[in-house]
Structure formats: C-alpha cells, structure tokens
>>> print(open('protein17.cif').read())   # mmCIF, N, CA and C atoms
data_query
#
loop_
_atom_site.group_PDB
_atom_site.id
_atom_site.type_symbol
_atom_site.label_atom_id
_atom_site.label_comp_id
_atom_site.auth_asym_id
_atom_site.auth_seq_id
_atom_site.Cartn_x
_atom_site.Cartn_y
_atom_site.Cartn_z
ATOM 1 N N MET C 1 11.868 6.575 5.914
ATOM 2 C CA MET C 1 11.449 5.466 6.750
ATOM 3 C C MET C 1 10.055 5.013 6.334
ATOM 4 N N SER C 2 9.873 3.724 6.226
ATOM 5 C CA SER C 2 8.588 3.164 5.819
ATOM 6 C C SER C 2 7.626 3.129 6.992
ATOM 7 N N SER C 3 6.339 3.125 6.662
ATOM 8 C CA SER C 3 5.323 3.118 7.705
ATOM 9 C C SER C 3 4.064 2.444 7.192
ATOM 10 N N THR C 4 3.095 2.350 8.069
ATOM 11 C CA THR C 4 1.805 1.775 7.696
ATOM 12 C C THR C 4 1.189 2.549 6.535
ATOM 13 N N ILE C 5 1.308 3.857 6.571
ATOM 14 C CA ILE C 5 0.737 4.701 5.516
ATOM 15 C C ILE C 5 1.390 4.394 4.171
ATOM 16 N N ASN C 6 2.721 4.305 4.158
ATOM 17 C CA ASN C 6 3.431 3.993 2.916
ATOM 18 C C ASN C 6 3.054 2.614 2.401
ATOM 19 N N ALA C 7 2.939 1.659 3.310
ATOM 20 C CA ALA C 7 2.562 0.302 2.914
ATOM 21 C C ALA C 7 1.162 0.296 2.306
ATOM 22 N N ALA C 8 0.234 0.994 2.944
ATOM 23 C CA ALA C 8 -1.139 1.049 2.436
ATOM 24 C C ALA C 8 -1.196 1.730 1.069
ATOM 25 N N GLU C 9 -0.426 2.796 0.880
ATOM 26 C CA GLU C 9 -0.389 3.471 -0.425
ATOM 27 C C GLU C 9 0.120 2.537 -1.518
ATOM 28 N N LYS C 10 1.181 1.794 -1.201
ATOM 29 C CA LYS C 10 1.742 0.850 -2.170
ATOM 30 C C LYS C 10 0.726 -0.242 -2.505
ATOM 31 N N MET C 11 0.058 -0.739 -1.483
ATOM 32 C CA MET C 11 -0.943 -1.784 -1.680
ATOM 33 C C MET C 11 -2.120 -1.264 -2.509
ATOM 34 N N LEU C 12 -2.521 -0.026 -2.279
ATOM 35 C CA LEU C 12 -3.605 0.579 -3.052
ATOM 36 C C LEU C 12 -3.181 0.785 -4.498
ATOM 37 N N GLN C 13 -1.950 1.222 -4.691
ATOM 38 C CA GLN C 13 -1.455 1.476 -6.037
ATOM 39 C C GLN C 13 -1.385 0.199 -6.870
ATOM 40 N N THR C 14 -0.873 -0.884 -6.296
ATOM 41 C CA THR C 14 -0.690 -2.118 -7.054
ATOM 42 C C THR C 14 -1.954 -2.958 -7.154
ATOM 43 N N GLN C 15 -2.899 -2.751 -6.226
ATOM 44 C CA GLN C 15 -4.139 -3.520 -6.192
ATOM 45 C C GLN C 15 -3.891 -5.030 -6.126
ATOM 46 N N GLN C 16 -2.864 -5.419 -5.370
ATOM 47 C CA GLN C 16 -2.534 -6.834 -5.188
ATOM 48 C C GLN C 16 -2.726 -7.220 -3.731
ATOM 49 N N PHE C 17 -2.829 -8.527 -3.491
ATOM 50 C CA PHE C 17 -2.898 -9.049 -2.137
ATOM 51 C C PHE C 17 -1.486 -9.190 -1.599
ATOM 52 N N TYR C 18 -1.280 -8.788 -0.354
ATOM 53 C CA TYR C 18 0.017 -8.875 0.303
ATOM 54 C C TYR C 18 -0.129 -9.602 1.630
ATOM 55 N N ASN C 19 0.842 -10.465 1.927
ATOM 56 C CA ASN C 19 0.956 -11.026 3.279
ATOM 57 C C ASN C 19 2.221 -10.434 3.887
ATOM 58 N N SER C 20 2.554 -10.815 5.100
ATOM 59 C CA SER C 20 3.703 -10.192 5.766
ATOM 60 C C SER C 20 5.012 -10.459 5.018
ATOM 61 N N LEU C 21 5.141 -11.619 4.397
ATOM 62 C CA LEU C 21 6.373 -11.931 3.663
ATOM 63 C C LEU C 21 6.509 -11.083 2.401
ATOM 64 N N THR C 22 5.450 -10.998 1.611
ATOM 65 C CA THR C 22 5.536 -10.233 0.364
ATOM 66 C C THR C 22 5.696 -8.743 0.631
ATOM 67 N N LEU C 23 5.027 -8.238 1.655
ATOM 68 C CA LEU C 23 5.154 -6.820 1.995
ATOM 69 C C LEU C 23 6.559 -6.524 2.525
ATOM 70 N N ALA C 24 7.106 -7.448 3.315
ATOM 71 C CA ALA C 24 8.469 -7.278 3.829
ATOM 72 C C ALA C 24 9.481 -7.239 2.690
ATOM 73 N N GLN C 25 9.280 -8.047 1.662
ATOM 74 C CA GLN C 25 10.188 -8.067 0.512
ATOM 75 C C GLN C 25 10.138 -6.759 -0.257
ATOM 76 N N VAL C 26 8.968 -6.197 -0.414
ATOM 77 C CA VAL C 26 8.809 -4.943 -1.154
ATOM 78 C C VAL C 26 9.539 -3.801 -0.445
ATOM 79 N N PHE C 27 9.415 -3.736 0.877
ATOM 80 C CA PHE C 27 9.978 -2.620 1.633
ATOM 81 C C PHE C 27 11.334 -2.918 2.263
ATOM 82 N N GLY C 28 11.788 -4.157 2.167
ATOM 83 C CA GLY C 28 13.078 -4.508 2.745
ATOM 84 C C GLY C 28 13.107 -4.419 4.257
ATOM 85 N N VAL C 29 12.029 -4.856 4.887
ATOM 86 C CA VAL C 29 11.930 -4.846 6.348
ATOM 87 C C VAL C 29 11.677 -6.266 6.838
ATOM 88 N N SER C 30 11.649 -6.437 8.147
ATOM 89 C CA SER C 30 11.375 -7.757 8.720
ATOM 90 C C SER C 30 9.903 -8.127 8.523
ATOM 91 N N THR C 31 9.641 -9.430 8.559
ATOM 92 C CA THR C 31 8.252 -9.881 8.430
ATOM 93 C C THR C 31 7.426 -9.453 9.640
ATOM 94 N N ASN C 32 8.076 -9.297 10.790
ATOM 95 C CA ASN C 32 7.354 -8.818 11.979
ATOM 96 C C ASN C 32 6.857 -7.389 11.783
ATOM 97 N N ARG C 33 7.713 -6.536 11.225
ATOM 98 C CA ARG C 33 7.312 -5.146 10.979
ATOM 99 C C ARG C 33 6.179 -5.112 9.937
ATOM 100 N N ALA C 34 6.328 -5.887 8.855
ATOM 101 C CA ALA C 34 5.292 -5.933 7.824
ATOM 102 C C ALA C 34 3.982 -6.463 8.398
ATOM 103 N N ALA C 35 4.065 -7.456 9.270
ATOM 104 C CA ALA C 35 2.857 -8.002 9.907
ATOM 105 C C ALA C 35 2.172 -6.945 10.765
ATOM 106 N N SER C 36 2.951 -6.110 11.443
ATOM 107 C CA SER C 36 2.340 -5.053 12.266
ATOM 108 C C SER C 36 1.658 -4.006 11.388
ATOM 109 N N TRP C 37 2.257 -3.706 10.224
ATOM 110 C CA TRP C 37 1.602 -2.778 9.295
ATOM 111 C C TRP C 37 0.279 -3.348 8.818
ATOM 112 N N LEU C 38 0.277 -4.637 8.450
ATOM 113 C CA LEU C 38 -0.952 -5.272 7.978
ATOM 114 C C LEU C 38 -2.014 -5.276 9.072
ATOM 115 N N LYS C 39 -1.595 -5.522 10.305
ATOM 116 C CA LYS C 39 -2.533 -5.508 11.435
ATOM 117 C C LYS C 39 -3.127 -4.109 11.596
ATOM 118 N N ASN C 40 -2.288 -3.083 11.518
ATOM 119 C CA ASN C 40 -2.783 -1.704 11.623
ATOM 120 C C ASN C 40 -3.763 -1.384 10.505
ATOM 121 N N ILE C 41 -3.432 -1.803 9.301
ATOM 122 C CA ILE C 41 -4.305 -1.529 8.151
ATOM 123 C C ILE C 41 -5.655 -2.209 8.347
ATOM 124 N N LYS C 42 -5.662 -3.439 8.851
ATOM 125 C CA LYS C 42 -6.923 -4.163 9.068
ATOM 126 C C LYS C 42 -7.755 -3.532 10.172
ATOM 127 N N GLU C 43 -7.096 -2.982 11.198
ATOM 128 C CA GLU C 43 -7.820 -2.508 12.372
ATOM 129 C C GLU C 43 -8.207 -1.035 12.336
ATOM 130 N N GLN C 44 -7.483 -0.222 11.594
ATOM 131 C CA GLN C 44 -7.788 1.212 11.591
ATOM 132 C C GLN C 44 -8.979 1.505 10.683
ATOM 133 N N GLU C 45 -9.766 2.480 11.084
ATOM 134 C CA GLU C 45 -11.011 2.801 10.387
ATOM 135 C C GLU C 45 -10.838 3.323 8.968
ATOM 136 N N GLY C 46 -9.803 4.047 8.680
ATOM 137 C CA GLY C 46 -9.662 4.707 7.389
ATOM 138 C C GLY C 46 -9.378 3.787 6.219
ATOM 139 N N TYR C 47 -9.048 2.539 6.497
ATOM 140 C CA TYR C 47 -8.679 1.613 5.430
ATOM 141 C C TYR C 47 -9.794 0.619 5.161
ATOM 142 N N LYS C 48 -10.162 0.469 3.883
ATOM 143 C CA LYS C 48 -11.109 -0.567 3.488
ATOM 144 C C LYS C 48 -10.292 -1.654 2.803
ATOM 145 N N THR C 49 -10.442 -2.890 3.255
ATOM 146 C CA THR C 49 -9.617 -3.975 2.760
ATOM 147 C C THR C 49 -10.435 -5.195 2.368
ATOM 148 N N LEU C 50 -9.788 -6.069 1.612
ATOM 149 C CA LEU C 50 -10.326 -7.388 1.293
ATOM 150 C C LEU C 50 -9.300 -8.407 1.739
ATOM 151 N N GLU C 51 -9.775 -9.523 2.301
ATOM 152 C CA GLU C 51 -8.868 -10.588 2.701
ATOM 153 C C GLU C 51 -8.928 -11.702 1.663
ATOM 154 N N SER C 52 -7.769 -12.262 1.353
ATOM 155 C CA SER C 52 -7.666 -13.351 0.393
ATOM 156 C C SER C 52 -8.337 -14.600 0.954
ATOM 157 N N THR C 53 -8.942 -15.370 0.067
ATOM 158 C CA THR C 53 -9.597 -16.601 0.507
ATOM 159 C C THR C 53 -8.681 -17.811 0.382
ATOM 160 N N ASP C 54 -7.494 -17.651 -0.190
ATOM 161 C CA ASP C 54 -6.575 -18.782 -0.308
ATOM 162 C C ASP C 54 -5.672 -18.889 0.919
ATOM 163 N N GLN C 55 -4.771 -19.864 0.924
ATOM 164 C CA GLN C 55 -3.937 -20.129 2.086
ATOM 165 C C GLN C 55 -2.876 -19.071 2.354
ATOM 166 N N SER C 56 -2.611 -18.164 1.427
ATOM 167 C CA SER C 56 -1.585 -17.139 1.637
ATOM 168 C C SER C 56 -2.003 -16.105 2.683
ATOM 169 N N GLY C 57 -3.310 -15.967 2.891
ATOM 170 C CA GLY C 57 -3.799 -15.031 3.894
ATOM 171 C C GLY C 57 -3.503 -13.582 3.570
ATOM 172 N N GLY C 58 -3.484 -13.237 2.312
ATOM 173 C CA GLY C 58 -3.142 -11.896 1.897
ATOM 174 C C GLY C 58 -4.227 -10.874 2.166
ATOM 175 N N LEU C 59 -3.820 -9.625 2.129
ATOM 176 C CA LEU C 59 -4.718 -8.500 2.351
ATOM 177 C C LEU C 59 -4.563 -7.525 1.189
ATOM 178 N N LYS C 60 -5.673 -6.973 0.732
ATOM 179 C CA LYS C 60 -5.671 -6.016 -0.370
ATOM 180 C C LYS C 60 -6.347 -4.734 0.105
ATOM 181 N N VAL C 61 -5.717 -3.596 -0.136
ATOM 182 C CA VAL C 61 -6.309 -2.312 0.235
ATOM 183 C C VAL C 61 -7.190 -1.830 -0.921
ATOM 184 N N VAL C 62 -8.455 -1.591 -0.631
ATOM 185 C CA VAL C 62 -9.423 -1.150 -1.635
ATOM 186 C C VAL C 62 -9.538 0.365 -1.636
ATOM 187 N N SER C 63 -9.467 0.974 -0.439
ATOM 188 C CA SER C 63 -9.528 2.433 -0.356
ATOM 189 C C SER C 63 -8.888 2.914 0.944
ATOM 190 N N ILE C 64 -8.429 4.165 0.895
ATOM 191 C CA ILE C 64 -7.866 4.831 2.067
ATOM 192 C C ILE C 64 -8.678 6.103 2.279
ATOM 193 N N ASN C 65 -9.382 6.155 3.393
ATOM 194 C CA ASN C 65 -10.259 7.296 3.703
ATOM 195 C C ASN C 65 -11.199 7.612 2.544
ATOM 196 N N GLY C 66 -11.724 6.573 1.901
ATOM 197 C CA GLY C 66 -12.652 6.734 0.790
ATOM 198 C C GLY C 66 -11.993 6.956 -0.555
ATOM 199 N N ARG C 67 -10.697 7.139 -0.579
ATOM 200 C CA ARG C 67 -9.952 7.372 -1.830
ATOM 201 C C ARG C 67 -9.557 6.028 -2.423
ATOM 202 N N THR C 68 -9.937 5.785 -3.684
ATOM 203 C CA THR C 68 -9.657 4.495 -4.321
ATOM 204 C C THR C 68 -8.446 4.526 -5.250
ATOM 205 N N ALA C 69 -7.809 5.662 -5.373
ATOM 206 C CA ALA C 69 -6.593 5.784 -6.192
ATOM 207 C C ALA C 69 -5.447 6.224 -5.283
ATOM 208 N N SER C 70 -4.246 5.741 -5.606
ATOM 209 C CA SER C 70 -3.086 6.124 -4.791
ATOM 210 C C SER C 70 -2.725 7.590 -5.039
ATOM 211 N N ILE C 71 -1.969 8.162 -4.135
ATOM 212 C CA ILE C 71 -1.511 9.545 -4.281
ATOM 213 C C ILE C 71 -0.725 9.705 -5.583
ATOM 214 N N GLU C 72 0.142 8.737 -5.868
ATOM 215 C CA GLU C 72 0.941 8.816 -7.100
ATOM 216 C C GLU C 72 0.053 8.820 -8.337
ATOM 217 N N ASP C 73 -0.971 7.981 -8.357
ATOM 218 C CA ASP C 73 -1.898 7.959 -9.497
ATOM 219 C C ASP C 73 -2.630 9.295 -9.640
ATOM 220 N N LEU C 74 -3.049 9.858 -8.522
ATOM 221 C CA LEU C 74 -3.737 11.151 -8.557
ATOM 222 C C LEU C 74 -2.817 12.256 -9.070
ATOM 223 N N GLN C 75 -1.546 12.223 -8.648
ATOM 224 C CA GLN C 75 -0.585 13.219 -9.113
ATOM 225 C C GLN C 75 -0.362 13.096 -10.620
ATOM 226 N N CYS C 76 -0.257 11.872 -11.112
ATOM 227 C CA CYS C 76 -0.071 11.665 -12.549
ATOM 228 C C CYS C 76 -1.264 12.205 -13.340
ATOM 229 N N ARG C 77 -2.458 11.970 -12.816
ATOM 230 C CA ARG C 77 -3.659 12.482 -13.496
ATOM 231 C C ARG C 77 -3.683 14.009 -13.500
ATOM 232 N N ALA C 78 -3.293 14.603 -12.392
ATOM 233 C CA ALA C 78 -3.294 16.069 -12.292
ATOM 234 C C ALA C 78 -2.260 16.694 -13.220
ATOM 235 N N LEU C 79 -1.117 16.043 -13.344
ATOM 236 C CA LEU C 79 -0.044 16.565 -14.200
ATOM 237 C C LEU C 79 -0.243 16.199 -15.668
ATOM 238 N N LEU C 80 -1.130 15.239 -15.924
ATOM 239 C CA LEU C 80 -1.413 14.714 -17.268
ATOM 240 C C LEU C 80 -0.231 13.943 -17.848
ATOM 241 N N PHE C 81 0.720 13.544 -16.997
ATOM 242 C CA PHE C 81 1.817 12.661 -17.414
ATOM 243 C C PHE C 81 2.386 11.994 -16.170
ATOM 244 N N LYS C 82 3.093 10.904 -16.384
ATOM 245 C CA LYS C 82 3.710 10.193 -15.262
ATOM 246 C C LYS C 82 4.900 10.986 -14.747
ATOM 247 N N ARG C 83 5.001 11.111 -13.435
ATOM 248 C CA ARG C 83 6.115 11.846 -12.826
ATOM 249 C C ARG C 83 7.423 11.124 -13.111
ATOM 250 N N PRO C 84 8.476 11.851 -13.428
ATOM 251 C CA PRO C 84 9.792 11.219 -13.651
ATOM 252 C C PRO C 84 10.260 10.482 -12.393
ATOM 253 N N ALA C 85 10.950 9.359 -12.597
ATOM 254 C CA ALA C 85 11.405 8.519 -11.487
ATOM 255 C C ALA C 85 12.257 9.291 -10.497
ATOM 256 N N MET C 86 13.058 10.227 -10.966
ATOM 257 C CA MET C 86 13.931 10.971 -10.056
ATOM 258 C C MET C 86 13.148 11.830 -9.071
ATOM 259 N N LEU C 87 11.871 12.114 -9.357
ATOM 260 C CA LEU C 87 11.061 12.917 -8.449
ATOM 261 C C LEU C 87 10.252 12.070 -7.477
ATOM 262 N N LEU C 88 10.209 10.752 -7.701
ATOM 263 C CA LEU C 88 9.431 9.880 -6.845
ATOM 264 C C LEU C 88 10.237 9.500 -5.627
ATOM 265 N N GLN C 89 9.551 9.355 -4.500
ATOM 266 C CA GLN C 89 10.222 8.900 -3.293
ATOM 267 C C GLN C 89 10.350 7.403 -3.352
ATOM 268 N N SER C 90 11.457 6.887 -2.874
ATOM 269 C CA SER C 90 11.610 5.433 -2.809
ATOM 270 C C SER C 90 10.948 4.926 -1.542
ATOM 271 N N PRO C 91 10.436 3.677 -1.567
ATOM 272 C CA PRO C 91 9.716 3.141 -0.388
ATOM 273 C C PRO C 91 10.609 2.966 0.798
#
>>> encode(input="protein17.cif", output="structure tokens")
Amino acid sequence: MSSTINAAEKMLQTQQFYNSLTLAQVFGVSTNRAASWLKNIKEQEGYKTLESTDQSGGLKVVSINGRTASIEDLQCRALLFKRPAMLLQSP
C-alpha cells in the first residue's frame, strides 16, 4: 500500500516536481489521495521541499529528515551495485 512516506521517497529519488495528477499517475491512485500526500509532505516537519514557480504548482522533495538521498540510492551505494529489480518493492 502506498503512503506519504513512499511518495516522498519516490519524489526524493527522482528529484522532479510533482503535482497531484503526476503523483497519482506514478502510484496509480486518485488525485485526491495524491493531493493529500502532497499536503502532508508540505506540512510535516521532516520534509524539506521546493514549490514550482510555474502554473503546474508542483512540489519537489529536497530532503527527508535531513537525508538528501533516497533509501534505494543509499542501499545501492552500500552494496556498490544497483539492487536487482526482483528485490525492489513496487510502489
């Protein structure tokens, strides 16, 4: 099951701006659910974000609790190779 944490990790990993529509497409959920995740990410203390200045109104996660790399990126660095796809969790 997807959550705010999973959404924030994905946003941190890709380093792209997301609005409720684009985030909903990535996770296959409703735009209302994606909008609530974005609202949580903007309001909770552990997330540092940037807001897009264009009309899309996107949000970009810069860090999670001071961490600027996603968990997956950190795991790849620790293992010194990219984890095989079969071991990765799907969103």
>>> residues_around(input="protein17.cif", residues="stretch 15-29 of chain C", least_positions_apart="5", cutoff="6 Å", atoms="all atoms listed in the file", output="ChimeraX atom specification")
/C:10,34-35,56-61,91
>>> atom_distance(input="protein17.cif", atom1="atom C of C:Tyr47", atom2="atom N of C:Thr31")
22.1 Å
>>> atom_distance(input="protein17.cif", atom1="atom CA of C:Asp54", atom2="atom CA of C:Thr68")
23.8 Å
>>> residues_around(input="protein17.cif", residues="C:Glu9", least_positions_apart="5", cutoff="8 Å", atoms="all atoms listed in the file", output="ChimeraX atom specification")
/C:3-4,14-15,61,64,69-72
>>> atom_distance(input="protein17.cif", atom1="atom CA of C:Ser63", atom2="atom CA of C:Lys48")
5.1 Å
>>> axis_aligned_box(input="protein17.cif", around="stretch 51-65 of chain C", padding_each_side="3 Å", output="AutoDock Vina command-line options")
--center_x -6.4 --center_y -6.3 --center_z 1.1 --size_x 15.6 --size_y 33.7 --size_z 11.5
>>> residues_around(input="protein17.cif", residues="C:Glu45", least_positions_apart="5", cutoff="8 Å", atoms="all atoms listed in the file", output="list in words")
Asn40, Ile64, Asn65 and Gly66 of chain C
